>>> print(open('final.tsv').read())   # TSV, C-alpha atoms and all ligand atoms
chain	number	residue	atom	x	y	z
H	102	ILE	CA	-13.13	5.57	-31.98
H	103	MET	CA	-11.72	5.80	-28.50
H	104	ALA	CA	-9.40	3.02	-27.43
H	105	THR	CA	-11.38	2.60	-24.23
H	106	THR	CA	-14.10	0.81	-26.14
H	107	ASN	CA	-11.77	-2.19	-26.56
H	108	LYS	CA	-10.75	-2.39	-22.97
H	109	SER	CA	-12.06	-5.22	-20.90
H	110	PHE	CA	-12.78	-5.10	-17.20
H	111	PRO	CA	-14.44	-8.42	-16.55
H	112	PHE	CA	-15.63	-7.78	-13.02
H	113	GLU	CA	-19.07	-7.81	-11.55
H	114	ILE	CA	-19.65	-4.45	-9.88
H	115	ARG	CA	-22.08	-4.27	-6.95
H	116	ASP	CA	-23.42	-1.43	-4.86
H	117	VAL	CA	-22.38	-1.43	-1.23
H	118	GLU	CA	-25.33	-2.29	1.06
H	119	PRO	CA	-27.25	0.85	2.11
H	120	GLU	CA	-26.54	0.38	5.84
H	121	GLN	CA	-22.87	0.07	5.02
H	122	VAL	CA	-23.00	3.24	2.94
H	123	GLU	CA	-24.38	4.99	6.02
H	124	LYS	CA	-21.63	3.62	8.20
H	125	LEU	CA	-19.00	4.79	5.73
H	126	LYS	CA	-20.57	8.24	5.56
H	127	LYS	CA	-20.31	8.51	9.31
H	128	SER	CA	-16.67	7.50	9.27
H	129	PHE	CA	-14.85	9.24	6.43
H	130	GLN	CA	-14.24	12.86	5.48
H	131	VAL	CA	-15.52	14.08	2.13
H	132	THR	CA	-11.97	14.86	0.96
H	133	MET	CA	-11.80	11.20	0.03
H	134	ASN	CA	-14.16	9.92	-2.62
H	135	PRO	CA	-16.66	7.64	-0.90
H	136	CYS	CA	-16.28	3.91	-1.38
H	137	THR	CA	-19.66	2.85	-2.73
H	138	LEU	CA	-18.90	-0.10	-4.98
H	139	ARG	CA	-17.57	-3.63	-4.67
H	140	PHE	CA	-15.57	-5.13	-7.52
H	141	GLY	CA	-15.27	-8.74	-8.62
H	142	PRO	CA	-16.22	-11.97	-6.86
H	143	LYS	CA	-14.31	-11.01	-3.71
H	144	GLY	CA	-16.06	-7.64	-3.53
H	145	TYR	CA	-13.05	-5.34	-3.18
H	146	LEU	CA	-14.23	-1.95	-1.92
H	147	PHE	CA	-13.49	1.19	-3.93
H	148	PRO	CA	-14.97	4.55	-4.93
H	149	ARG	CA	-17.03	4.55	-8.12
H	150	GLU	CA	-14.10	6.24	-9.85
H	151	PHE	CA	-12.46	2.83	-9.90
H	152	GLU	CA	-14.81	1.78	-12.68
H	153	HIS	CA	-12.78	4.05	-14.91
H	154	PHE	CA	-9.30	3.93	-13.35
H	155	GLY	CA	-9.49	0.23	-12.59
H	156	LYS	CA	-10.17	-0.45	-16.24
H	157	GLU	CA	-7.23	1.68	-17.36
H	158	ILE	CA	-4.98	-0.14	-14.91
H	159	TYR	CA	-6.28	-3.61	-15.77
H	160	ASN	CA	-5.50	-2.95	-19.42
H	161	MET	CA	-2.15	-1.27	-18.96
H	162	GLU	CA	0.77	-2.67	-20.87
H	163	ILE	CA	3.28	-4.38	-18.63
H	164	ARG	CA	6.95	-4.26	-19.58
H	165	PRO	CA	9.52	-6.90	-18.61
H	166	SER	CA	11.59	-4.14	-17.02
H	167	ASP	CA	8.77	-3.07	-14.66
H	168	THR	CA	9.05	-3.72	-10.95
H	169	PHE	CA	5.90	-3.81	-8.83
H	170	VAL	CA	5.62	-3.62	-5.06
H	171	VAL	CA	2.14	-4.75	-4.11
H	172	THR	CA	0.64	-4.86	-0.62
H	173	PHE	CA	-2.47	-4.33	1.42
H	174	PRO	CA	-1.85	-0.82	2.84
H	175	ARG	CA	0.43	-0.52	5.87
H	176	SER	CA	2.06	-3.90	5.41
H	177	GLY	CA	5.62	-2.72	4.74
H	178	THR	CA	5.36	-1.22	1.27
H	179	THR	CA	7.66	1.77	1.75
H	180	TRP	CA	10.39	-0.22	3.40
H	181	THR	CA	10.37	-2.81	0.62
H	182	GLN	CA	10.21	-0.20	-2.15
H	183	GLU	CA	13.35	1.55	-0.94
H	184	LEU	CA	15.19	-1.72	-0.39
H	185	VAL	CA	14.40	-3.05	-3.86
H	186	TRP	CA	15.12	0.26	-5.56
H	187	LEU	CA	18.55	0.58	-3.98
H	188	ILE	CA	19.55	-2.94	-4.94
H	189	LEU	CA	18.45	-2.35	-8.52
H	190	ASN	CA	20.07	1.08	-8.74
H	191	ASN	CA	23.57	0.25	-7.70
H	192	PHE	CA	23.03	1.59	-4.18
H	193	ASP	CA	22.72	5.13	-5.44
H	194	TYR	CA	21.97	6.70	-2.05
H	195	GLU	CA	22.44	10.15	-3.48
H	196	LYS	CA	19.75	9.78	-6.08
H	197	ALA	CA	17.54	8.09	-3.51
H	198	SER	CA	17.82	11.06	-1.20
H	199	GLU	CA	17.26	13.61	-3.97
H	200	THR	CA	14.21	11.98	-5.50
H	201	PRO	CA	11.21	11.30	-3.29
H	202	LEU	CA	10.26	7.65	-3.21
H	203	SER	CA	6.78	8.56	-4.42
H	204	VAL	CA	8.34	10.04	-7.56
H	205	ARG	CA	10.65	7.07	-8.11
H	206	TYR	CA	7.71	4.72	-7.54
H	207	PRO	CA	4.40	6.29	-8.49
H	208	TYR	CA	1.42	4.96	-6.65
H	209	LEU	CA	-0.75	3.43	-9.33
H	210	GLU	CA	-4.35	3.78	-8.18
H	211	THR	CA	-4.14	6.94	-6.09
H	212	GLU	CA	-6.10	9.11	-8.52
H	213	MET	CA	-9.45	7.49	-7.78
H	214	PHE	CA	-9.45	8.59	-4.15
H	215	PHE	CA	-9.15	12.32	-4.51
H	216	ASN	CA	-11.96	14.64	-4.68
H	217	HIS	CA	-9.86	17.08	-6.66
H	218	ASN	CA	-11.95	20.18	-6.00
H	219	GLN	CA	-12.11	19.58	-2.27
H	220	MET	CA	-8.45	18.80	-2.13
H	221	SER	CA	-7.36	21.77	-4.17
H	222	ALA	CA	-9.32	24.11	-1.97
H	223	MET	CA	-7.53	22.73	1.06
H	224	LEU	CA	-4.01	23.03	-0.29
H	225	ASN	CA	-1.89	25.93	0.92
H	226	GLY	CA	-0.66	27.55	-2.27
H	227	GLU	CA	0.63	26.79	-5.74
H	228	ASN	CA	3.94	25.25	-4.70
H	229	ILE	CA	2.30	22.55	-2.72
H	230	LYS	CA	-0.07	21.84	-5.59
H	231	LYS	CA	2.94	21.21	-7.81
H	232	THR	CA	4.52	18.98	-5.19
H	233	MET	CA	1.30	17.01	-4.93
H	234	GLU	CA	1.15	16.56	-8.68
H	235	LYS	CA	4.69	15.28	-8.75
H	236	ASN	CA	4.22	12.95	-5.82
H	237	MET	CA	0.81	11.69	-6.87
H	238	PRO	CA	0.84	11.62	-10.64
H	239	PRO	CA	-2.33	10.71	-12.53
H	240	VAL	CA	-2.67	7.18	-13.88
H	241	GLN	CA	-2.04	8.19	-17.50
H	242	LYS	CA	1.28	9.73	-16.57
H	243	ILE	CA	2.38	6.59	-14.79
H	244	LEU	CA	1.46	4.44	-17.75
H	245	ASN	CA	3.55	6.60	-20.05
H	246	MET	CA	6.58	6.72	-17.82
H	247	ALA	CA	9.98	5.83	-19.26
H	248	SER	CA	11.47	2.42	-18.45
H	249	PRO	CA	12.45	1.04	-16.08
H	250	ARG	CA	9.26	1.73	-14.17
H	251	TYR	CA	8.91	1.12	-10.45
H	252	ILE	CA	5.31	0.96	-9.42
H	253	LYS	CA	3.58	0.86	-6.04
H	254	SER	CA	0.09	-0.55	-5.81
H	255	HIS	CA	-2.26	-1.74	-3.11
H	256	LEU	CA	-4.51	-3.49	-5.60
H	257	PRO	CA	-5.02	-7.23	-5.24
H	258	LEU	CA	-3.43	-9.29	-8.02
H	259	SER	CA	-6.80	-10.07	-9.59
H	260	LEU	CA	-7.40	-6.38	-10.34
H	261	LEU	CA	-3.93	-5.83	-11.81
H	262	PRO	CA	-3.19	-6.71	-15.45
H	263	PRO	CA	-3.57	-10.47	-16.04
H	264	LYS	CA	-0.12	-10.69	-17.66
H	265	LEU	CA	1.62	-8.97	-14.75
H	266	LEU	CA	3.35	-11.98	-13.20
H	267	ASP	CA	4.28	-13.53	-16.51
H	268	THR	CA	5.97	-10.31	-17.59
H	269	CYS	CA	7.74	-8.60	-14.71
H	270	LYS	CA	8.95	-8.95	-11.14
H	271	VAL	CA	6.42	-8.50	-8.36
H	272	PHE	CA	7.07	-8.13	-4.65
H	273	TYR	CA	4.15	-8.78	-2.35
H	274	VAL	CA	4.43	-7.95	1.34
H	275	ALA	CA	2.00	-9.27	3.96
H	276	ARG	CA	1.65	-8.41	7.64
H	277	ASP	CA	-0.37	-9.60	10.61
H	278	PRO	CA	-3.77	-7.93	10.13
H	279	ARG	CA	-3.88	-6.75	13.75
H	280	ASP	CA	-0.75	-4.66	13.23
H	281	VAL	CA	-2.05	-3.62	9.82
H	282	VAL	CA	-5.28	-2.23	11.25
H	283	VAL	CA	-3.49	-0.25	13.98
H	284	SER	CA	-1.13	1.19	11.42
H	285	PHE	CA	-3.97	1.92	8.97
H	286	TYR	CA	-5.85	3.72	11.74
H	287	HIS	CA	-2.90	5.98	12.49
H	288	HIS	CA	-2.33	6.52	8.80
H	289	SER	CA	-5.96	7.58	8.35
H	290	LYS	CA	-5.49	10.06	11.15
H	291	PHE	CA	-2.28	11.25	9.54
H	292	MET	CA	-4.20	11.83	6.31
H	293	ASN	CA	-7.09	13.47	8.16
H	294	ILE	CA	-9.63	11.25	6.42
H	295	LEU	CA	-11.54	10.13	9.50
H	296	LEU	CA	-14.46	12.02	10.99
H	297	ASP	CA	-14.25	13.03	14.63
H	298	GLY	CA	-15.32	10.28	16.95
H	299	VAL	CA	-14.02	7.39	14.87
H	300	ASP	CA	-11.84	5.77	17.48
H	301	PHE	CA	-9.69	2.68	17.07
H	302	LYS	CA	-12.49	0.32	18.02
H	303	ALA	CA	-14.77	1.84	15.39
H	304	PHE	CA	-11.98	1.56	12.84
H	305	TRP	CA	-11.44	-2.09	13.75
H	306	GLU	CA	-15.15	-2.70	13.14
H	307	LEU	CA	-14.79	-1.16	9.69
H	308	PHE	CA	-11.79	-3.35	8.98
H	309	ILE	CA	-13.34	-6.70	9.90
H	310	ASN	CA	-16.55	-5.80	8.09
H	311	ASP	CA	-14.57	-5.17	4.89
H	312	LEU	CA	-15.40	-1.48	4.99
H	313	LEU	CA	-11.97	-0.07	4.26
H	314	PRO	CA	-10.76	0.51	0.72
H	315	TRP	CA	-8.90	-2.57	-0.66
H	316	ALA	CA	-10.77	-4.82	1.78
H	317	PRO	CA	-11.41	-7.74	2.21
H	318	PHE	CA	-7.95	-8.09	3.73
H	319	PHE	CA	-7.64	-11.87	3.72
H	320	GLU	CA	-8.75	-12.31	0.13
H	321	HIS	CA	-6.10	-9.78	-0.87
H	322	VAL	CA	-3.31	-11.65	0.90
H	323	LYS	CA	-4.50	-15.11	-0.10
H	324	GLU	CA	-4.54	-14.20	-3.78
H	325	ALA	CA	-0.86	-13.36	-3.58
H	326	TRP	CA	-0.08	-16.31	-1.33
H	327	ARG	CA	-1.45	-18.66	-4.00
H	328	MET	CA	1.04	-17.19	-6.48
H	329	ARG	CA	4.01	-17.25	-4.10
H	330	ASN	CA	5.86	-19.93	-6.05
H	331	HIS	CA	5.62	-18.12	-9.37
H	332	SER	CA	9.16	-17.41	-10.57
H	333	ASN	CA	8.44	-13.68	-10.91
H	334	MET	CA	6.85	-13.34	-7.49
H	335	LEU	CA	8.61	-12.76	-4.19
H	336	PHE	CA	6.24	-13.06	-1.26
H	337	LEU	CA	7.56	-11.41	1.89
H	338	PHE	CA	6.28	-10.94	5.43
H	339	TYR	CA	6.73	-7.72	7.37
H	340	GLU	CA	7.52	-9.91	10.38
H	341	ASP	CA	10.46	-11.52	8.56
H	342	LEU	CA	11.83	-8.16	7.44
H	343	SER	CA	11.61	-7.04	11.02
H	344	LYS	CA	13.19	-10.15	12.52
H	345	ASP	CA	16.05	-10.64	10.08
H	346	LEU	CA	16.42	-7.85	7.57
H	347	ARG	CA	19.82	-9.11	6.43
H	348	ALA	CA	18.44	-12.48	5.45
H	349	CYS	CA	15.60	-10.76	3.58
H	350	VAL	CA	18.03	-8.50	1.73
H	351	ARG	CA	19.98	-11.58	0.61
H	352	ARG	CA	16.78	-13.28	-0.48
H	353	ILE	CA	15.67	-10.23	-2.43
H	354	ALA	CA	19.06	-9.80	-4.09
H	355	LYS	CA	19.08	-13.46	-5.08
H	356	PHE	CA	15.60	-13.17	-6.53
H	357	LEU	CA	16.75	-10.14	-8.54
H	358	ASP	CA	19.89	-11.94	-9.64
H	359	GLU	CA	22.05	-9.20	-8.17
H	360	GLU	CA	25.40	-9.73	-6.47
H	361	ILE	CA	25.58	-8.06	-3.09
H	362	THR	CA	28.48	-7.84	-0.64
H	363	GLU	CA	28.31	-8.03	3.15
H	364	GLU	CA	29.40	-4.42	3.29
H	365	GLN	CA	26.57	-3.35	1.00
H	366	ILE	CA	24.09	-5.33	3.11
H	367	GLU	CA	25.40	-3.67	6.26
H	368	LYS	CA	25.02	-0.18	4.83
H	369	LEU	CA	21.58	-0.91	3.38
H	370	CYS	CA	20.26	-2.24	6.69
H	371	GLU	CA	21.56	0.82	8.47
H	372	HIS	CA	19.83	3.02	5.88
H	373	LEU	CA	16.58	1.11	6.39
H	374	ASN	CA	16.72	1.16	10.15
H	375	ILE	CA	13.48	2.72	11.33
H	376	ASP	CA	15.19	5.52	13.26
H	377	ASN	CA	17.03	6.62	10.12
H	378	PHE	CA	14.07	5.94	7.90
H	379	LYS	CA	11.82	8.16	10.02
H	380	LYS	CA	14.17	11.07	9.40
H	381	ASN	CA	14.63	10.28	5.71
H	382	LYS	CA	12.89	13.12	3.86
H	383	SER	CA	12.79	11.13	0.67
H	384	VAL	CA	10.44	8.56	2.18
H	385	ASN	CA	8.66	10.23	5.12
H	386	PHE	CA	6.43	12.68	3.19
H	387	ASP	CA	7.98	15.67	4.95
H	388	ASN	CA	7.63	17.42	1.60
H	389	LEU	CA	3.87	17.57	2.19
H	390	ASN	CA	4.21	18.98	5.71
H	391	ASP	CA	3.11	22.43	4.62
H	392	SER	CA	0.24	21.21	2.51
H	393	GLY	CA	-2.36	21.68	5.20
H	394	LEU	CA	-3.55	18.16	4.48
H	395	LEU	CA	-1.66	16.20	7.08
H	396	ASN	CA	-2.06	15.85	10.81
H	397	GLU	CA	1.13	16.98	12.51
H	398	LYS	CA	0.50	14.75	15.49
H	399	GLU	CA	0.97	11.65	13.33
H	400	SER	CA	3.71	10.49	10.98
H	401	PHE	CA	3.95	8.36	7.86
H	402	ILE	CA	6.78	6.21	9.20
H	403	ARG	CA	5.65	5.36	12.70
H	404	LYS	CA	6.66	2.69	15.24
H	405	GLY	CA	7.73	-0.16	13.00
H	406	LYS	CA	6.96	-2.80	15.61
H	407	VAL	CA	5.69	-6.35	15.39
H	408	GLY	CA	2.86	-7.08	17.82
H	409	GLY	CA	2.19	-3.45	18.72
H	410	TRP	CA	-1.53	-4.21	18.32
H	411	ARG	CA	-1.62	-5.59	21.87
H	412	ASP	CA	-1.68	-2.03	23.21
H	413	TYR	CA	-4.85	-1.29	21.21
H	414	PHE	CA	-7.06	-4.36	21.54
H	415	ASP	CA	-9.31	-4.95	24.54
H	416	GLU	CA	-10.32	-8.46	25.49
H	417	GLU	CA	-13.41	-8.46	23.29
H	418	MET	CA	-11.49	-7.30	20.24
H	419	THR	CA	-8.72	-9.81	20.89
H	420	GLU	CA	-11.24	-12.65	20.89
H	421	GLN	CA	-12.96	-11.25	17.85
H	422	ALA	CA	-9.62	-11.09	16.07
H	423	ASP	CA	-8.72	-14.65	17.03
H	424	ARG	CA	-11.99	-15.92	15.61
H	425	TRP	CA	-11.78	-13.81	12.47
H	426	ILE	CA	-8.21	-14.89	11.75
H	427	GLU	CA	-8.95	-18.53	12.43
H	428	GLU	CA	-11.96	-18.52	10.13
H	429	ASN	CA	-9.99	-16.93	7.37
H	430	LEU	CA	-6.97	-19.20	7.65
H	431	ARG	CA	-9.01	-22.39	7.70
H	432	ASP	CA	-8.78	-22.98	3.95
H	433	THR	CA	-5.11	-22.06	3.50
H	434	ASP	CA	-1.63	-22.87	4.80
H	435	LEU	CA	-0.84	-19.15	5.03
H	436	ARG	CA	0.41	-18.25	8.53
H	437	PHE	CA	1.84	-14.95	9.72
H	438	PRO	CA	5.26	-15.50	11.32
H	439	GLN	CA	5.33	-14.49	14.99
H	501	LIG	P1	3.49	1.09	11.91
H	501	LIG	O1	2.42	2.08	11.67
H	501	LIG	O2	3.02	-0.14	12.62
H	501	LIG	O3	4.69	1.67	12.57
H	501	LIG	P2	3.46	0.93	4.38
H	501	LIG	O4	4.82	1.33	3.97
H	501	LIG	O5	2.95	-0.28	3.69
H	501	LIG	O6	2.51	2.06	4.41
H	501	LIG	O7	3.59	0.40	5.88
H	501	LIG	C1	3.80	1.29	6.92
H	501	LIG	C2	4.25	0.53	8.15
H	501	LIG	O8	5.60	0.11	7.96
H	501	LIG	C3	4.26	1.43	9.38
H	501	LIG	O9	3.99	0.56	10.49
H	501	LIG	C4	5.67	1.94	9.36
H	501	LIG	O10	6.12	2.47	10.58
H	501	LIG	C5	6.41	0.68	8.98
H	501	LIG	N1	7.73	0.95	8.45
H	501	LIG	C6	8.07	1.82	7.49
H	501	LIG	N2	9.39	1.83	7.30
H	501	LIG	C7	9.91	0.94	8.17
H	501	LIG	C8	11.24	0.50	8.46
H	501	LIG	N3	12.28	1.00	7.82
H	501	LIG	N4	11.39	-0.44	9.42
H	501	LIG	C9	10.34	-0.95	10.06
H	501	LIG	N5	9.06	-0.57	9.83
H	501	LIG	C10	8.86	0.36	8.90
>>> encode(input="final.tsv", output="structure tokens")
Amino acid sequence: IMATTNKSFPFEIRDVEPEQVEKLKKSFQVTMNPCTLRFGPKGYLFPREFEHFGKEIYNMEIRPSDTFVVTFPRSGTTWTQELVWLILNNFDYEKASETPLSVRYPYLETEMFFNHNQMSAMLNGENIKKTMEKNMPPVQKILNMASPRYIKSHLPLSLLPPKLLDTCKVFYVARDPRDVVVSFYHHSKFMNILLDGVDFKAFWELFINDLLPWAPFFEHVKEAWRMRNHSNMLFLFYEDLSKDLRACVRRIAKFLDEEITEEQIEKLCEHLNIDNFKKNKSVNFDNLNDSGLLNEKESFIRKGKVGGWRDYFDEEMTEQADRWIEENLRDTDLRFPQ
């Protein structure tokens, strides 16, 4: 008997509305598996492959020594991952530079998005295929990794194992959705997953209509916000990291019960400075440059600004955003720091 028969995945699964399927078809390249299903009461959007991978993930065994960094995409994941890893690994900058962040911190749910045949056909050669495999390991490999495991996920807490917070440390990072959507747009261009003609405004429409994977955005953030006082949860804002990184480093070290000197903080902040980070081959995905997958006009680490959205929103979108944010913050005391 296969073990899968005992696994529970107690979520209602709905088909995406037909008009929305059409909209998605007109927006995304076929290299990414199409998002056609909504999971659970909040209706998180994923490809149908998530029925399988989501179940594996939901049932994975969590170890007390695990460390999770969880975010809605483009909210400050990479930054936080590196920061946390260095504090927990005795500031081993050498190891950090030798081992890509994506290998140190496998990205849990990545496997569901690839159309492997399409992708393989696009990749330039065997070497790059090996690099891809190392940087984007399949779920099973992540689950069997040796301790201590560092795991990156964009899944909302409700779709992660129910015992997660009671077992290990979890960092959740949130960011103003207007900066998130700009960053997500550029990232989608970087990954070449958008069809021609999908401009920022069209992408914004997708975002506020919950038509991007991991959407709805606010439900994602609010789930974590509700758990912010759990002793194993550290809830961070991108805006706070940006405004006072030193204070955030101290807060993170305290949460991890790690002593940290002023000198160590100084060096760490310098290491994490966006100008250095952009050039850091261990975090910037330069190792996939030759893959043929990525758009050379874009980059993984980009501007790193708070409020950069103002250059992208016209008056109509600004008003739309105001309304959308207000509606979604009505039932919560969550506020994004300015
Ligand atoms: P922008 O596209 O607005 O520049 P994630 O790591 O969750 O994918 O988030 C990516 C966003 O974080 C990008 O935002 C990226 O530039 C920014 N970022 C990454 N490293 C950073 C750093 N060291 N300092 C400031 N911002 C950083």
>>> closest_residue(input="final.tsv", among="H:Leu138, H:Val407, H:Leu389, H:Met418", to="H:Leu224", atoms="only C-alpha atoms")
H:Leu389
>>> residues_around(input="final.tsv", residues="H:Ala275", least_positions_apart="5", cutoff="7 Å", atoms="all atoms listed in the file", output="VMD selection string")
chain H and resid 172 176 322 337 to 339
>>> residues_near_ligand(input="final.tsv", ligand="ligand LIG 501 (chain H)", cutoff="6 Å", atoms="only C-alpha atoms and all ligand atoms", output="ChimeraX atom specification")
/H:174-180,280,284,373-375,378,402-406
>>> closest_residue(input="final.tsv", among="H:Pro201, H:Pro135, H:Ser128, H:Phe169", to="H:Phe308", atoms="all atoms listed in the file")
H:Ser128
>>> closest_residue(input="final.tsv", among="H:Met220, H:Leu307, H:Met292, H:Val171", to="H:Leu256", atoms="all atoms listed in the file")
H:Val171
>>> atom_distance(input="final.tsv", atom1="atom CA of H:Met223", atom2="atom CA of H:Leu394")
7.0 Å
>>> residues_around(input="final.tsv", residues="stretch 420-433 of chain H", least_positions_apart="6", cutoff="8 Å", atoms="only C-alpha atoms", output="list in words")
Arg279, Ile309, Phe319 and Lys323 of chain H
>>> closest_residue(input="final.tsv", among="H:Phe192, H:Phe154, H:Phe140, H:Phe304", to="H:Gln365", atoms="all atoms listed in the file")
H:Phe192
>>> atom_distance(input="final.tsv", atom1="atom CA of H:Asn388", atom2="atom CA of H:Lys196")
16.3 Å
>>> atom_distance(input="final.tsv", atom1="atom CA of H:Glu118", atom2="atom CA of H:Ile294")
21.4 Å
>>> closest_residue(input="final.tsv", among="H:Ile353, H:Met161, H:Ile366, H:Leu342", to="H:Asn245", atoms="all atoms listed in the file")
H:Met161
>>> closest_residue(input="final.tsv", among="H:Met328, H:Ser166, H:Phe386, H:Leu261", to="H:Met237", atoms="all atoms listed in the file")
H:Phe386
>>> residues_around(input="final.tsv", residues="H:Glu367", least_positions_apart="4", cutoff="12 Å", atoms="all atoms listed in the file", output="PyMOL selection string")
chain H and resi 192+346-348+350-351+361-363+371-374
>>> residues_near_point(input="final.tsv", point="(-21.4, -6.1, 6.7)", cutoff="10 Å", atoms="all atoms listed in the file", output="PyMOL selection string")
chain H and resi 117-118+120-121+124+306-307+309-312
>>> residues_around(input="final.tsv", residues="H:Ala354", least_positions_apart="6", cutoff="9 Å", atoms="only C-alpha atoms", output="ChimeraX atom specification")
/H:185,188-189,360-361
>>> axis_aligned_box(input="final.tsv", around="stretch 374-384 of chain H", padding_each_side="6 Å", output="lines of an AutoDock Vina configuration file")
center_x = 13.7
center_y = 7.1
center_z = 7.0
size_x = 18.6
size_y = 24.0
size_z = 24.6
>>> residues_around(input="final.tsv", residues="H:His331", least_positions_apart="3", cutoff="10 Å", atoms="only C-alpha atoms", output="JSON, numbers by chain")
{"H": [266, 267, 270, 271, 325, 327, 328, 334, 335, 336]}
>>> build_atoms(input="final.tsv", residues="stretch 116-132 of chain H", atoms="N, CA and C atoms", output="short mmCIF file (atom, residue, chain, number, x, y, z; two decimals), keeping the file's coordinate frame")
data_model
loop_
_atom_site.label_atom_id
_atom_site.label_comp_id
_atom_site.auth_asym_id
_atom_site.auth_seq_id
_atom_site.Cartn_x
_atom_site.Cartn_y
_atom_site.Cartn_z
N ASP H 116 -23.30 -2.54 -5.80
CA ASP H 116 -23.42 -1.43 -4.86
C ASP H 116 -23.17 -1.94 -3.45
N VAL H 117 -22.53 -1.11 -2.65
CA VAL H 117 -22.38 -1.43 -1.23
C VAL H 117 -23.77 -1.37 -0.59
N GLU H 118 -24.04 -2.28 0.36
CA GLU H 118 -25.33 -2.29 1.06
C GLU H 118 -25.64 -0.92 1.66
N PRO H 119 -26.91 -0.49 1.61
CA PRO H 119 -27.25 0.85 2.11
C PRO H 119 -26.82 1.12 3.56
N GLU H 120 -26.96 0.12 4.44
CA GLU H 120 -26.54 0.38 5.84
C GLU H 120 -25.03 0.61 5.90
N GLN H 121 -24.32 -0.09 5.03
CA GLN H 121 -22.87 0.07 5.02
C GLN H 121 -22.48 1.44 4.47
N VAL H 122 -23.25 1.90 3.49
CA VAL H 122 -23.00 3.24 2.94
C VAL H 122 -23.13 4.27 4.06
N GLU H 123 -24.16 4.08 4.89
CA GLU H 123 -24.38 4.99 6.02
C GLU H 123 -23.21 4.98 6.98
N LYS H 124 -22.75 3.77 7.27
CA LYS H 124 -21.63 3.62 8.20
C LYS H 124 -20.39 4.33 7.65
N LEU H 125 -20.16 4.16 6.35
CA LEU H 125 -19.00 4.79 5.73
C LEU H 125 -19.12 6.31 5.77
N LYS H 126 -20.33 6.79 5.53
CA LYS H 126 -20.57 8.24 5.56
C LYS H 126 -20.27 8.83 6.92
N LYS H 127 -20.55 8.03 7.95
CA LYS H 127 -20.31 8.51 9.31
C LYS H 127 -18.86 8.37 9.73
N SER H 128 -18.06 7.78 8.88
CA SER H 128 -16.67 7.50 9.27
C SER H 128 -15.63 8.34 8.53
N PHE H 129 -15.90 8.62 7.24
CA PHE H 129 -14.85 9.24 6.43
C PHE H 129 -15.18 10.68 6.00
N GLN H 130 -14.14 11.48 5.97
CA GLN H 130 -14.24 12.86 5.48
C GLN H 130 -14.58 12.88 3.97
N VAL H 131 -15.16 13.98 3.54
CA VAL H 131 -15.52 14.08 2.13
C VAL H 131 -14.33 14.38 1.21
N THR H 132 -13.16 14.64 1.80
CA THR H 132 -11.97 14.86 0.96
C THR H 132 -11.61 13.59 0.21
#
